[in-house]
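Note sheet for the following structure.
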Amino acid sequence: MKRSFNYNFNRRTKIHTAVTLVVVAIIAVLLYHLYTGGFFSAWFISVVLALIALMILSIPRRIVLLDDKLEIQCISDITEFDIREIASLRKVDNKEMRWMIRVFGASGFFGYYGKFFDIKEFDIVNIYASEWDNFVEITDIYDTRTYISCRESDNFINTIRQAKELCQELSKEDDLQQAV
């Protein structure tokens with residue numbers, strides 16, 4: 001079984017990304033003209049370009065369900081979950097997400113991703129979202145919570161539950177065959 005769910009940027013994320021890029025470009029041009037020959041403008045441009053490059057490499061692209069794995073594929077990274085280790089899946093309302101504070105990652109620049117602090121639960125969580133809407137919480141058997149945004153959240157949850165049941169049935173059959 002292979003199923004893919006794409007991330008879709010909403011209008012708010014696109015506007016936030018464009019505004020961020022324009023502001024950074026304006027600051028870079030101003031520093032270049034105000035501090036000609038100075039090291040400050042060169043350092044600023046270098047640091048900002050490096051940060052933007054690192055952030056772009058972490059942009060979530062799609063969620064892929066393989067036979068026994070769930071992958072969150074970013075541009076340069078893949079986060080994997082073993083289907084058998086997923087303890088629960090649930091849709092999350094935006095009101096619950098207002099308690100999240102970014103610790104390390106992006107908030108609106110090509111999406112919302114990284115480590116966030118949940119004030120309500122006093123816990124660090126992972127978020128891979130292209131929009132601040134349609135959240136699904138994935139909790140694994142180690143009590144690690146990961147939030148993803150998926151416009152097809154009901155379909156996504158049902159597909160993962162079916163894949164988990166199929167994996168459990170296959171592992172029971174393997175156990176029976178090994179016992180014989």
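Ligands are numbered from 1 in the order shown, chains are lettered A, B, ... in the order of the structure tokens, and residues start at 1 in each chain.
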
Report task. Could you find all residues in chain A that DSSP calls alpha helix (DSSP H) from the backbone, and write them as a PyMOL selection string? Result -> chain A and resi 11-34+39-57+94-97+153-179

Restrict the selected residues to C-alpha atoms and save them as a tab-separated table (two decimals), in the first residue's frame.
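The new file part.tsv reads:
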chain	number	residue	atom	x	y	z
A	11	ARG	CA	-2.97	32.22	1.10
A	12	ARG	CA	-1.81	33.38	4.53
A	13	THR	CA	1.40	31.34	4.32
A	14	LYS	CA	2.15	32.58	0.80
A	15	ILE	CA	1.65	36.23	1.86
A	16	HIS	CA	3.77	35.78	5.00
A	17	THR	CA	6.58	34.21	2.94
A	18	ALA	CA	6.49	36.98	0.33
A	19	VAL	CA	6.46	39.74	2.97
A	20	THR	CA	9.40	38.12	4.80
A	21	LEU	CA	11.44	37.86	1.62
A	22	VAL	CA	10.67	41.48	0.63
A	23	VAL	CA	11.59	42.83	4.10
A	24	VAL	CA	14.87	40.88	4.13
A	25	ALA	CA	15.68	42.15	0.62
A	26	ILE	CA	14.94	45.76	1.60
A	27	ILE	CA	17.13	45.51	4.71
A	28	ALA	CA	19.94	43.93	2.67
A	29	VAL	CA	19.79	46.68	0.02
A	30	LEU	CA	19.69	49.42	2.68
A	31	LEU	CA	22.65	47.94	4.53
A	32	TYR	CA	24.57	47.57	1.30
A	33	HIS	CA	24.07	51.23	0.40
A	34	LEU	CA	24.49	52.63	3.92
A	39	PHE	CA	31.67	44.18	7.15
A	40	PHE	CA	28.26	44.59	8.80
A	41	SER	CA	26.26	44.41	5.56
A	42	ALA	CA	28.29	41.44	4.32
A	43	TRP	CA	27.76	39.56	7.59
A	44	PHE	CA	24.04	40.34	7.61
A	45	ILE	CA	23.54	39.16	4.04
A	46	SER	CA	25.61	36.01	4.64
A	47	VAL	CA	23.78	35.06	7.84
A	48	VAL	CA	20.33	35.76	6.40
A	49	LEU	CA	21.05	33.81	3.22
A	50	ALA	CA	22.34	30.86	5.28
A	51	LEU	CA	19.24	30.93	7.50
A	52	ILE	CA	16.91	31.12	4.52
A	53	ALA	CA	18.73	28.22	2.84
A	54	LEU	CA	18.46	26.10	6.00
A	55	MET	CA	14.78	26.92	6.36
A	56	ILE	CA	14.08	26.08	2.71
A	57	LEU	CA	15.73	22.68	3.15
A	94	ASN	CA	-7.07	25.50	15.86
A	95	LYS	CA	-8.03	26.62	19.37
A	96	GLU	CA	-5.75	23.95	20.83
A	97	MET	CA	-2.88	25.11	18.64
A	153	SER	CA	-7.45	14.84	7.49
A	154	ASP	CA	-10.40	12.41	7.79
A	155	ASN	CA	-9.17	10.37	4.85
A	156	PHE	CA	-5.61	10.48	6.22
A	157	ILE	CA	-6.66	9.20	9.66
A	158	ASN	CA	-8.79	6.39	8.18
A	159	THR	CA	-5.98	5.34	5.83
A	160	ILE	CA	-3.44	5.18	8.66
A	161	ARG	CA	-5.82	3.19	10.87
A	162	GLN	CA	-6.46	0.70	8.06
A	163	ALA	CA	-2.72	0.36	7.42
A	164	LYS	CA	-2.11	-0.18	11.15
A	165	GLU	CA	-4.76	-2.91	11.30
A	166	LEU	CA	-3.25	-4.58	8.24
A	167	CYS	CA	0.24	-4.49	9.81
A	168	GLN	CA	-1.12	-6.01	13.03
A	169	GLU	CA	-2.84	-8.81	11.09
A	170	LEU	CA	0.33	-9.55	9.15
A	171	SER	CA	2.44	-9.64	12.31
A	172	LYS	CA	-0.07	-12.05	13.94
A	173	GLU	CA	0.17	-14.32	10.89
A	174	ASP	CA	3.97	-14.19	11.07
A	175	ASP	CA	3.85	-15.09	14.77
A	176	LEU	CA	1.59	-18.07	14.02
A	177	GLN	CA	3.88	-19.28	11.24
A	178	GLN	CA	6.92	-19.02	13.50
A	179	ALA	CA	5.14	-20.95	16.25

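The neighbours of Ile75 of chain A here are the residues that come within 9 Å of it, using only C-alpha atoms and leaving out any residue fewer than 2 positions away in the same chain; they are A:Ile56, A:Leu57, A:Ser58, A:Ile59, A:Pro60, A:Arg61, A:Gln73, A:Asp77, A:Ile78.
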
Query raised in the report: Contacts of segment 136-141 of chain A at 8 Å or less, counting only C-alpha atoms, minus same-chain residues fewer than 2 places along, as a list in words?
Result: Glu85, Ile86, Ala87, Ser88, Leu89, Arg90, Lys91, Val92, Asn134, Asp143, Thr144, Arg145, Thr146, Tyr147, Ile148, Ser149, Cys150 and Ser153 of chain A

Query - Residues within 7 Å of Ile63 of chain A, only C-alpha atoms, excluding chain neighbours under 4 positions, as a PyMOL selection string - result: chain A and resi 4-6+71-73

Selected residues, N, CA and C atoms, written as an mmCIF file, in the first residue's frame, please.
data_model
loop_
_atom_site.group_PDB
_atom_site.id
_atom_site.type_symbol
_atom_site.label_atom_id
_atom_site.label_comp_id
_atom_site.auth_asym_id
_atom_site.auth_seq_id
_atom_site.Cartn_x
_atom_site.Cartn_y
_atom_site.Cartn_z
ATOM 1 N N SER A 4 -0.071 8.921 -0.897
ATOM 2 C CA SER A 4 0.621 10.183 -0.695
ATOM 3 C C SER A 4 -0.392 11.296 -0.439
ATOM 4 N N PHE A 5 -0.067 12.154 0.516
ATOM 5 C CA PHE A 5 -0.871 13.332 0.832
ATOM 6 C C PHE A 5 0.047 14.544 0.689
ATOM 7 N N ASN A 6 -0.301 15.456 -0.211
ATOM 8 C CA ASN A 6 0.547 16.617 -0.470
ATOM 9 C C ASN A 6 0.219 17.748 0.489
ATOM 10 N N GLU A 71 5.914 8.428 6.310
ATOM 11 C CA GLU A 71 7.027 9.340 6.095
ATOM 12 C C GLU A 71 6.515 10.755 5.907
ATOM 13 N N ILE A 72 7.162 11.693 6.595
ATOM 14 C CA ILE A 72 6.941 13.106 6.338
ATOM 15 C C ILE A 72 8.171 13.563 5.573
ATOM 16 N N GLN A 73 7.997 13.838 4.304
ATOM 17 C CA GLN A 73 9.123 14.157 3.439
ATOM 18 C C GLN A 73 9.282 15.667 3.317
#

Query - Residue neighbourhood Phe117 of chain A, 9 Å, only C-alpha atoms, exclusion window fewer than 2 positions, as a PyMOL selection string - result: chain A and resi 99-103+115+119-126

Could you write out that same residue set with all heavy atoms as a short mmCIF file (atom, residue, chain, number, x, y, z; two decimals), in the first residue's frame?
data_model
loop_
_atom_site.label_atom_id
_atom_site.label_comp_id
_atom_site.auth_asym_id
_atom_site.auth_seq_id
_atom_site.Cartn_x
_atom_site.Cartn_y
_atom_site.Cartn_z
N TRP A 99 -1.78 27.47 21.87
CA TRP A 99 -0.88 27.32 23.01
C TRP A 99 0.53 26.92 22.58
O TRP A 99 1.39 26.65 23.41
CB TRP A 99 -1.43 26.30 24.00
CG TRP A 99 -2.77 26.68 24.53
CD1 TRP A 99 -3.97 26.16 24.17
CD2 TRP A 99 -3.06 27.70 25.48
NE1 TRP A 99 -4.99 26.79 24.84
CE2 TRP A 99 -4.45 27.74 25.67
CE3 TRP A 99 -2.27 28.60 26.20
CZ2 TRP A 99 -5.07 28.63 26.53
CZ3 TRP A 99 -2.89 29.48 27.07
CH2 TRP A 99 -4.26 29.49 27.22
N MET A 100 0.79 26.88 21.29
CA MET A 100 2.10 26.48 20.76
C MET A 100 2.97 27.72 20.52
O MET A 100 2.54 28.67 19.88
CB MET A 100 1.95 25.72 19.45
CG MET A 100 1.09 24.50 19.52
SD MET A 100 1.84 23.25 20.55
CE MET A 100 0.58 21.99 20.45
N ILE A 101 4.19 27.65 21.04
CA ILE A 101 5.15 28.73 20.84
C ILE A 101 6.38 28.14 20.15
O ILE A 101 6.92 27.13 20.60
CB ILE A 101 5.57 29.37 22.18
CG1 ILE A 101 4.36 30.03 22.84
CG2 ILE A 101 6.68 30.38 21.97
CD1 ILE A 101 4.65 30.57 24.21
N ARG A 102 6.82 28.77 19.09
CA ARG A 102 7.97 28.27 18.35
C ARG A 102 9.24 28.36 19.20
O ARG A 102 9.55 29.39 19.77
CB ARG A 102 8.15 29.08 17.07
CG ARG A 102 9.30 28.60 16.22
CD ARG A 102 9.60 29.51 15.09
NE ARG A 102 10.03 30.79 15.65
CZ ARG A 102 9.78 31.96 15.11
NH1 ARG A 102 9.13 32.05 14.00
NH2 ARG A 102 10.20 33.07 15.68
N VAL A 103 9.95 27.26 19.26
CA VAL A 103 11.25 27.22 19.92
C VAL A 103 12.34 27.29 18.85
O VAL A 103 13.28 28.06 18.95
CB VAL A 103 11.41 25.93 20.77
CG1 VAL A 103 12.80 25.83 21.35
CG2 VAL A 103 10.36 25.87 21.86
N LYS A 115 10.41 22.67 16.09
CA LYS A 115 10.09 22.35 17.48
C LYS A 115 9.28 23.49 18.07
O LYS A 115 9.67 24.65 17.99
CB LYS A 115 11.37 22.17 18.30
CG LYS A 115 12.29 21.09 17.81
CD LYS A 115 11.79 19.75 18.22
CE LYS A 115 12.81 18.70 17.80
NZ LYS A 115 12.35 17.37 18.01
N ILE A 119 2.47 25.19 25.79
CA ILE A 119 2.34 25.79 27.13
C ILE A 119 1.34 25.02 27.97
O ILE A 119 1.54 24.83 29.17
CB ILE A 119 1.92 27.27 27.01
CG1 ILE A 119 3.00 28.06 26.32
CG2 ILE A 119 1.62 27.86 28.37
CD1 ILE A 119 2.61 29.48 26.00
N LYS A 120 0.27 24.59 27.36
CA LYS A 120 -0.80 23.91 28.09
C LYS A 120 -0.34 22.57 28.66
O LYS A 120 -0.65 22.22 29.79
CB LYS A 120 -1.99 23.70 27.15
CG LYS A 120 -3.29 23.49 27.84
CD LYS A 120 -4.40 23.52 26.81
CE LYS A 120 -5.73 23.45 27.48
NZ LYS A 120 -6.82 23.43 26.50
N GLU A 121 0.41 21.80 27.89
CA GLU A 121 0.88 20.48 28.31
C GLU A 121 2.31 20.52 28.85
O GLU A 121 2.81 19.51 29.34
CB GLU A 121 0.81 19.48 27.14
CG GLU A 121 -0.57 19.26 26.60
CD GLU A 121 -1.46 18.49 27.56
OE1 GLU A 121 -0.95 17.63 28.30
OE2 GLU A 121 -2.67 18.78 27.57
N PHE A 122 2.98 21.65 28.71
CA PHE A 122 4.36 21.83 29.15
C PHE A 122 5.26 20.77 28.52
O PHE A 122 5.92 19.99 29.20
CB PHE A 122 4.45 21.80 30.68
CG PHE A 122 5.60 22.59 31.22
CD1 PHE A 122 5.60 23.97 31.14
CD2 PHE A 122 6.70 21.96 31.76
CE1 PHE A 122 6.66 24.71 31.61
CE2 PHE A 122 7.77 22.69 32.23
CZ PHE A 122 7.75 24.06 32.17
N ASP A 123 5.24 20.75 27.18
CA ASP A 123 5.93 19.71 26.43
C ASP A 123 6.43 20.29 25.12
O ASP A 123 5.87 21.25 24.59
CB ASP A 123 4.95 18.56 26.16
CG ASP A 123 5.62 17.32 25.63
OD1 ASP A 123 6.84 17.18 25.77
OD2 ASP A 123 4.90 16.47 25.06
N ILE A 124 7.50 19.70 24.60
CA ILE A 124 8.03 20.07 23.28
C ILE A 124 7.40 19.13 22.25
O ILE A 124 7.39 17.91 22.42
CB ILE A 124 9.56 19.93 23.24
CG1 ILE A 124 10.23 20.86 24.24
CG2 ILE A 124 10.09 20.17 21.83
CD1 ILE A 124 10.21 22.32 23.86
N VAL A 125 6.86 19.70 21.17
CA VAL A 125 6.23 18.91 20.12
C VAL A 125 6.86 19.28 18.77
O VAL A 125 7.49 20.33 18.63
CB VAL A 125 4.70 19.15 20.07
CG1 VAL A 125 4.05 18.73 21.37
CG2 VAL A 125 4.37 20.59 19.75
N ASN A 126 6.67 18.40 17.80
CA ASN A 126 7.13 18.64 16.43
C ASN A 126 5.93 19.05 15.59
O ASN A 126 4.87 18.45 15.71
CB ASN A 126 7.75 17.38 15.83
CG ASN A 126 8.97 16.94 16.59
OD1 ASN A 126 9.82 17.74 16.92
ND2 ASN A 126 9.06 15.65 16.86
#

Report summary line: Separating atom CA of Asn10 of chain A from atom CA of Ser130 of chain A, to the nearest tenth of an Å, is a gap of 7.4 Å
